[in-house]
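Working notes for the structure below.
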Amino acid sequence: MPELPEVEIVKQSLEKTIVSKRIKKFIIFNRNLRFKVQKNLNKLIEQKKIIRLNRISKYLIFEFEKSSYLLMHLGMSGTLHLIKGNNFYKTNLSFYHSSDLPKKHNHIVLNFTNFKIIYNDPRRFGFIKYFHSKSNLDFYLSRIGLEPLNQKFNFSYLKKNLINKQKNIKNFLLDQKYISGIGNIYANEILFCSKIHPIRLCNSLKDKEIIRIIKYSKKVLKKAIKKGGSSIRNFKNSVGKSGSYQKEFLVYDQETKKCPSANCKEKISKIFISNRSSYFCKNCQK
DNA sequence: AAGAGGCCCTGATAGC
DNA sequence: TGCTATCAGGGCCTCT
């Protein structure tokens, strides 16, 4: 489900409630996520106080006192649900009335004194990992590249990573070891804004095109965060504050609609690149 | 050794 | 209605 903007919204919506609170009980109903959840993880986490909630690319990081960490990835279909008293508060893009609390696929529950957080994930592509120290966490995270919102994500960084690459730019944007946080929706949107065809090879990109990728990857992600992320599928069930960026999609899921550029009459095309749907305007993107 | 494709899994929807 | 096929916001592993 979530790319960087959606995970950021989850982080923002949880932060105030959980920082400086202690996890009283950590219940694992199903250890079979993308990776098997470590046995006895509950013993490591129970009674620990959360001192910070961070987000790096698509990862949520719960930081505990004395520098230990719980890393969480929501995969394709993971959602967090904050429950206070009898009320069900929305924490991300799959928001429900309290009566619509998901009944299936609630795999993990974090119990606090006055509220709890439920991790729900039908497809189980998400995962959690625990780290005993900052250096262990940093080592794990060293596998991923900079996220576009990082100050250091600039021309020289991107050029250095693009140069000599034979892969197409769409797959490059999705490859988390060079750029992290972008997923299929935003890769399509960024390439449209940058006027670059998704199958262009990295090593064919001109400097000014690289500059456009920098500019629009930051711009698109920031705007998506501002709009509360994208709520696709399920959003007919949502109430109130669900994200609205899906209404702003320029090309994603817009096949056969007219290109949004004012002076272009072309229709949006859809092709598959490495088995993932790619939307673009063949007139505007070269 | 970089890059493409398969695979993990469930649910919604389209098409017959 | 009821079946089957296809697709979905990700990322690790394997094969070439």
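Lettering and numbering for the structure tokens are positional, with chains as A, B, ... in the shown order, residues counted from 1 in each chain, and ligands counted from 1 in the shown order.
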Please tabulate, as a tab-separated table, the residues of chain C that come within 12 Å of chain A, each with its closest pair of atoms and the distance in Å to one decimal, counting only C-alpha atoms (C1' of nucleotides) and ordering rows by chain, then residue number upward.
residue	atom	partner	partner_atom	distance
C:DC7	C1'	A:Ser277	CA	9.5
C:DA8	C1'	A:Met76	CA	8.1
C:DG9	C1'	A:Met1	CA	3.5
C:DG10	C1'	A:Gly75	CA	5.4
C:DG11	C1'	A:Gly75	CA	8.4
C:DC12	C1'	A:Arg34	CA	9.5
Take the residues just selected and output them with C-alpha atoms (C1' of nucleotides) as a PDB file, in the first residue's frame.
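Wrote it out as part-v5.pdb, contents follow:
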ATOM      1  C1'  DC C   7      -4.336  -7.239 -11.014  1.00  0.00           C
ATOM      2  C1'  DA C   8      -2.907  -4.537  -6.735  1.00  0.00           C
ATOM      3  C1'  DG C   9       0.741   0.912  -3.342  1.00  0.00           C
ATOM      4  C1'  DG C  10       6.857  -4.005  -2.303  1.00  0.00           C
ATOM      5  C1'  DG C  11      11.088  -6.128  -2.101  1.00  0.00           C
ATOM      6  C1'  DC C  12      13.997 -10.267  -1.683  1.00  0.00           C
TER       7       DC C  12
END
Cut-off 10 Å: closest chain C/range 6-10 of chain B atom pairs per residue, using only C-alpha atoms (C1' of nucleotides), as CSV:
residue,atom,partner,partner_atom,distance
C:DC12,C1',B:DC7,C1',9.2
C:DC13,C1',B:DC7,C1',8.6
C:DT14,C1',B:DG6,C1',8.3
C:DC15,C1',B:DG6,C1',9.9
Generate a file of the selected residues that holds C-alpha atoms (C1' of nucleotides), formatted as a PDB file, in the first residue's frame.
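Just written: result_37.pdb:
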ATOM      1  C1'  DC C  12      13.997 -10.267  -1.683  1.00  0.00           C
ATOM      2  C1'  DC C  13      15.942 -14.098  -4.212  1.00  0.00           C
ATOM      3  C1'  DT C  14      17.423 -16.530  -8.314  1.00  0.00           C
ATOM      4  C1'  DC C  15      18.866 -16.921 -12.782  1.00  0.00           C
TER       5       DC C  15
END
> Given a cut-off of 9 Å, which residues of chain A touch chain B, counting only C-alpha atoms (C1' of nucleotides), written out as a list of chain:residue names?
Replying inline: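 The answer, sorted by residue number, is A:Arg34, A:Pro122, A:Arg123, A:Arg124, A:Phe125, A:Lys165, A:Gln166, A:Lys167, A:Arg233, A:Ser274, A:Asn275.
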> If you run DSSP on the backbone, which residues of range 13-214 of chain A are alpha helix (DSSP H), as an MDAnalysis selection string?
Replying inline: chainID A and resid 13:18 41:45 134:141 155:162 169:174 184:193 207:214
>> DSSP on the backbone, strand (DSSP E or B) only: what residues of range 65-264 of chain A does that give? Format it as a ChimeraX atom specification.
In response: /A:68-73,79-84,87-90,106-111,115-120,127-131,146,168,179,201,258
For the residues in the current selection, export C-alpha atoms as a tab-separated table (two decimals), in the first residue's frame.
chain	number	residue	atom	x	y	z
A	68	SER	CA	16.76	0.07	20.71
A	69	TYR	CA	14.48	0.15	17.70
A	70	LEU	CA	11.53	-1.50	16.06
A	71	LEU	CA	11.55	-1.14	12.29
A	72	MET	CA	8.21	-1.57	10.52
A	73	HIS	CA	7.43	-1.89	6.83
A	79	THR	CA	-2.27	-0.54	7.87
A	80	LEU	CA	-2.06	0.69	11.44
A	81	HIS	CA	-5.15	1.40	13.48
A	82	LEU	CA	-5.16	3.44	16.62
A	83	ILE	CA	-7.91	2.67	19.09
A	84	LYS	CA	-8.62	4.96	22.00
A	87	ASN	CA	-13.27	5.07	19.41
A	88	PHE	CA	-11.40	3.99	16.36
A	89	TYR	CA	-9.04	6.66	15.15
A	90	LYS	CA	-7.66	6.75	11.69
A	106	ASN	CA	-4.97	-8.26	12.60
A	107	HIS	CA	-1.51	-9.72	13.18
A	108	ILE	CA	0.03	-7.60	15.90
A	109	VAL	CA	-1.36	-5.52	18.76
A	110	LEU	CA	0.58	-2.94	20.77
A	111	ASN	CA	-1.20	-2.28	24.05
A	115	PHE	CA	-5.12	2.89	23.82
A	116	LYS	CA	-3.80	0.30	21.43
A	117	ILE	CA	-2.37	0.05	17.96
A	118	ILE	CA	-3.33	-2.78	15.63
A	119	TYR	CA	-1.17	-3.87	12.72
A	120	ASN	CA	-3.39	-5.29	9.96
A	127	PHE	CA	7.39	-7.00	8.26
A	128	ILE	CA	8.92	-5.85	11.52
A	129	LYS	CA	12.49	-6.16	12.74
A	130	TYR	CA	14.01	-5.34	16.10
A	131	PHE	CA	17.46	-3.77	16.55
A	146	LEU	CA	18.74	8.51	-0.14
A	168	ASN	CA	15.33	1.94	-17.63
A	179	ILE	CA	16.50	6.13	-4.40
A	201	LEU	CA	17.77	4.10	-20.16
A	258	LYS	CA	-6.73	12.66	-22.07
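The protein and nucleic acid residues lying at most 7 Å from Lys170 in chain A are Ala187, Pro198 and Ile199 of chain A, with only C-alpha atoms (C1' of nucleotides) considered and sequence neighbours fewer than 5 positions away removed.
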> In Å, with one decimal, what is the gap from CA of Val220 in chain A to CA of Ile190 in chain A?
Replying inline: 6.6 Å
Tell me, as a PDB file with N, CA and C atoms (P, O5', C5', C4', C3', O3' and C1' of nucleotides), in the first residue's frame, which residues lie within 10 Å of range 267-273 of chain A, counting only C-alpha atoms (C1' of nucleotides); anything in the same chain fewer than 3 positions away does not count.
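Saved the output as result_31.pdb:
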ATOM      1  N   ASN A 168      16.195   0.813 -17.298  1.00  0.00           N
ATOM      2  CA  ASN A 168      15.327   1.936 -17.628  1.00  0.00           C
ATOM      3  C   ASN A 168      15.033   2.772 -16.382  1.00  0.00           C
ATOM      4  N   LYS A 170      12.339   3.981 -15.134  1.00  0.00           N
ATOM      5  CA  LYS A 170      11.217   3.581 -14.278  1.00  0.00           C
ATOM      6  C   LYS A 170      11.691   2.567 -13.241  1.00  0.00           C
ATOM      7  N   ASN A 171      12.388   1.529 -13.698  1.00  0.00           N
ATOM      8  CA  ASN A 171      12.901   0.540 -12.748  1.00  0.00           C
ATOM      9  C   ASN A 171      13.925   1.145 -11.790  1.00  0.00           C
ATOM     10  N   PRO A 198       9.150   6.368 -19.551  1.00  0.00           N
ATOM     11  CA  PRO A 198       9.587   5.395 -18.528  1.00  0.00           C
ATOM     12  C   PRO A 198      10.616   4.371 -18.997  1.00  0.00           C
ATOM     13  N   ILE A 199      10.664   4.079 -20.293  1.00  0.00           N
ATOM     14  CA  ILE A 199      11.644   3.060 -20.713  1.00  0.00           C
ATOM     15  C   ILE A 199      12.994   3.655 -21.139  1.00  0.00           C
ATOM     16  N   LEU A 250      -1.986  12.444 -12.284  1.00  0.00           N
ATOM     17  CA  LEU A 250      -1.914  12.956 -13.645  1.00  0.00           C
ATOM     18  C   LEU A 250      -1.944  11.810 -14.641  1.00  0.00           C
ATOM     19  N   VAL A 251      -1.234  10.726 -14.318  1.00  0.00           N
ATOM     20  CA  VAL A 251      -1.204   9.585 -15.246  1.00  0.00           C
ATOM     21  C   VAL A 251      -1.524   8.239 -14.597  1.00  0.00           C
ATOM     22  N   TYR A 252      -1.177   8.068 -13.334  1.00  0.00           N
ATOM     23  CA  TYR A 252      -1.379   6.757 -12.708  1.00  0.00           C
ATOM     24  C   TYR A 252      -2.854   6.376 -12.742  1.00  0.00           C
ATOM     25  N   ASP A 253      -3.137   5.199 -13.246  1.00  0.00           N
ATOM     26  CA  ASP A 253      -4.515   4.700 -13.331  1.00  0.00           C
ATOM     27  C   ASP A 253      -5.414   5.576 -14.201  1.00  0.00           C
ATOM     28  N   GLN A 254      -4.817   6.295 -15.139  1.00  0.00           N
ATOM     29  CA  GLN A 254      -5.592   7.214 -15.988  1.00  0.00           C
ATOM     30  C   GLN A 254      -5.614   6.748 -17.451  1.00  0.00           C
ATOM     31  N   GLU A 255      -5.411   5.454 -17.671  1.00  0.00           N
ATOM     32  CA  GLU A 255      -5.351   4.933 -19.030  1.00  0.00           C
ATOM     33  C   GLU A 255      -6.551   5.383 -19.868  1.00  0.00           C
ATOM     34  N   THR A 256      -6.245   5.760 -21.079  1.00  0.00           N
ATOM     35  CA  THR A 256      -7.203   6.230 -22.097  1.00  0.00           C
ATOM     36  C   THR A 256      -7.827   7.602 -21.790  1.00  0.00           C
ATOM     37  N   LYS A 257      -7.519   8.160 -20.638  1.00  0.00           N
ATOM     38  CA  LYS A 257      -7.981   9.539 -20.407  1.00  0.00           C
ATOM     39  C   LYS A 257      -7.052  10.496 -21.139  1.00  0.00           C
ATOM     40  N   LYS A 258      -7.538  11.675 -21.355  1.00  0.00           N
ATOM     41  CA  LYS A 258      -6.727  12.659 -22.070  1.00  0.00           C
ATOM     42  C   LYS A 258      -5.532  13.081 -21.229  1.00  0.00           C
ATOM     43  N   CYS A 259      -4.410  13.281 -21.893  1.00  0.00           N
ATOM     44  CA  CYS A 259      -3.221  13.794 -21.206  1.00  0.00           C
ATOM     45  C   CYS A 259      -3.573  15.112 -20.526  1.00  0.00           C
ATOM     46  N   PRO A 260      -3.158  15.293 -19.277  1.00  0.00           N
ATOM     47  CA  PRO A 260      -3.529  16.506 -18.547  1.00  0.00           C
ATOM     48  C   PRO A 260      -2.820  17.780 -19.024  1.00  0.00           C
ATOM     49  N   CYS A 264      -1.999  19.303 -25.161  1.00  0.00           N
ATOM     50  CA  CYS A 264      -1.756  17.954 -25.691  1.00  0.00           C
ATOM     51  C   CYS A 264      -3.086  17.215 -25.799  1.00  0.00           C
ATOM     52  N   ARG A 276       5.074  -4.399 -13.829  1.00  0.00           N
ATOM     53  CA  ARG A 276       4.365  -3.364 -13.067  1.00  0.00           C
ATOM     54  C   ARG A 276       3.787  -2.344 -14.047  1.00  0.00           C
ATOM     55  N   SER A 277       2.546  -1.957 -13.793  1.00  0.00           N
ATOM     56  CA  SER A 277       1.870  -1.073 -14.726  1.00  0.00           C
ATOM     57  C   SER A 277       2.544   0.296 -14.762  1.00  0.00           C
ATOM     58  N   SER A 278       2.687   0.806 -15.971  1.00  0.00           N
ATOM     59  CA  SER A 278       3.335   2.097 -16.156  1.00  0.00           C
ATOM     60  C   SER A 278       2.464   2.955 -17.052  1.00  0.00           C
ATOM     61  N   TYR A 279       2.184   4.147 -16.612  1.00  0.00           N
ATOM     62  CA  TYR A 279       1.299   5.056 -17.333  1.00  0.00           C
ATOM     63  C   TYR A 279       2.108   6.267 -17.780  1.00  0.00           C
ATOM     64  N   PHE A 280       1.855   6.714 -19.006  1.00  0.00           N
ATOM     65  CA  PHE A 280       2.609   7.856 -19.507  1.00  0.00           C
ATOM     66  C   PHE A 280       1.921   8.445 -20.728  1.00  0.00           C
ATOM     67  N   CYS A 281       2.360   9.627 -21.099  1.00  0.00           N
ATOM     68  CA  CYS A 281       1.886  10.244 -22.335  1.00  0.00           C
ATOM     69  C   CYS A 281       2.989  10.124 -23.372  1.00  0.00           C
ATOM     70  N   LYS A 282       2.704   9.428 -24.468  1.00  0.00           N
ATOM     71  CA  LYS A 282       3.772   9.196 -25.440  1.00  0.00           C
ATOM     72  C   LYS A 282       4.115  10.448 -26.226  1.00  0.00           C
ATOM     73  N   ASN A 283       3.269  11.437 -26.118  1.00  0.00           N
ATOM     74  CA  ASN A 283       3.564  12.712 -26.784  1.00  0.00           C
ATOM     75  C   ASN A 283       4.431  13.611 -25.895  1.00  0.00           C
ATOM     76  N   CYS A 284       4.111  13.662 -24.618  1.00  0.00           N
ATOM     77  CA  CYS A 284       4.819  14.585 -23.712  1.00  0.00           C
ATOM     78  C   CYS A 284       6.110  13.993 -23.145  1.00  0.00           C
TER      79      CYS A 284
ATOM     80  P    DA B   4      16.361  -4.189 -16.506  1.00  0.00           P
ATOM     81  O5'  DA B   4      15.484  -5.464 -16.853  1.00  0.00           O
ATOM     82  C5'  DA B   4      16.012  -6.464 -17.728  1.00  0.00           C
ATOM     83  C4'  DA B   4      15.336  -7.791 -17.444  1.00  0.00           C
ATOM     84  C3'  DA B   4      13.834  -7.694 -17.166  1.00  0.00           C
ATOM     85  O3'  DA B   4      13.191  -8.716 -17.919  1.00  0.00           O
ATOM     86  C1'  DA B   4      14.922  -8.795 -15.369  1.00  0.00           C
TER      87       DA B   4
END
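Taking CA of Lys226 in chain A and CA of Gln12 in chain A as endpoints, the distance between them is 11.5 Å.
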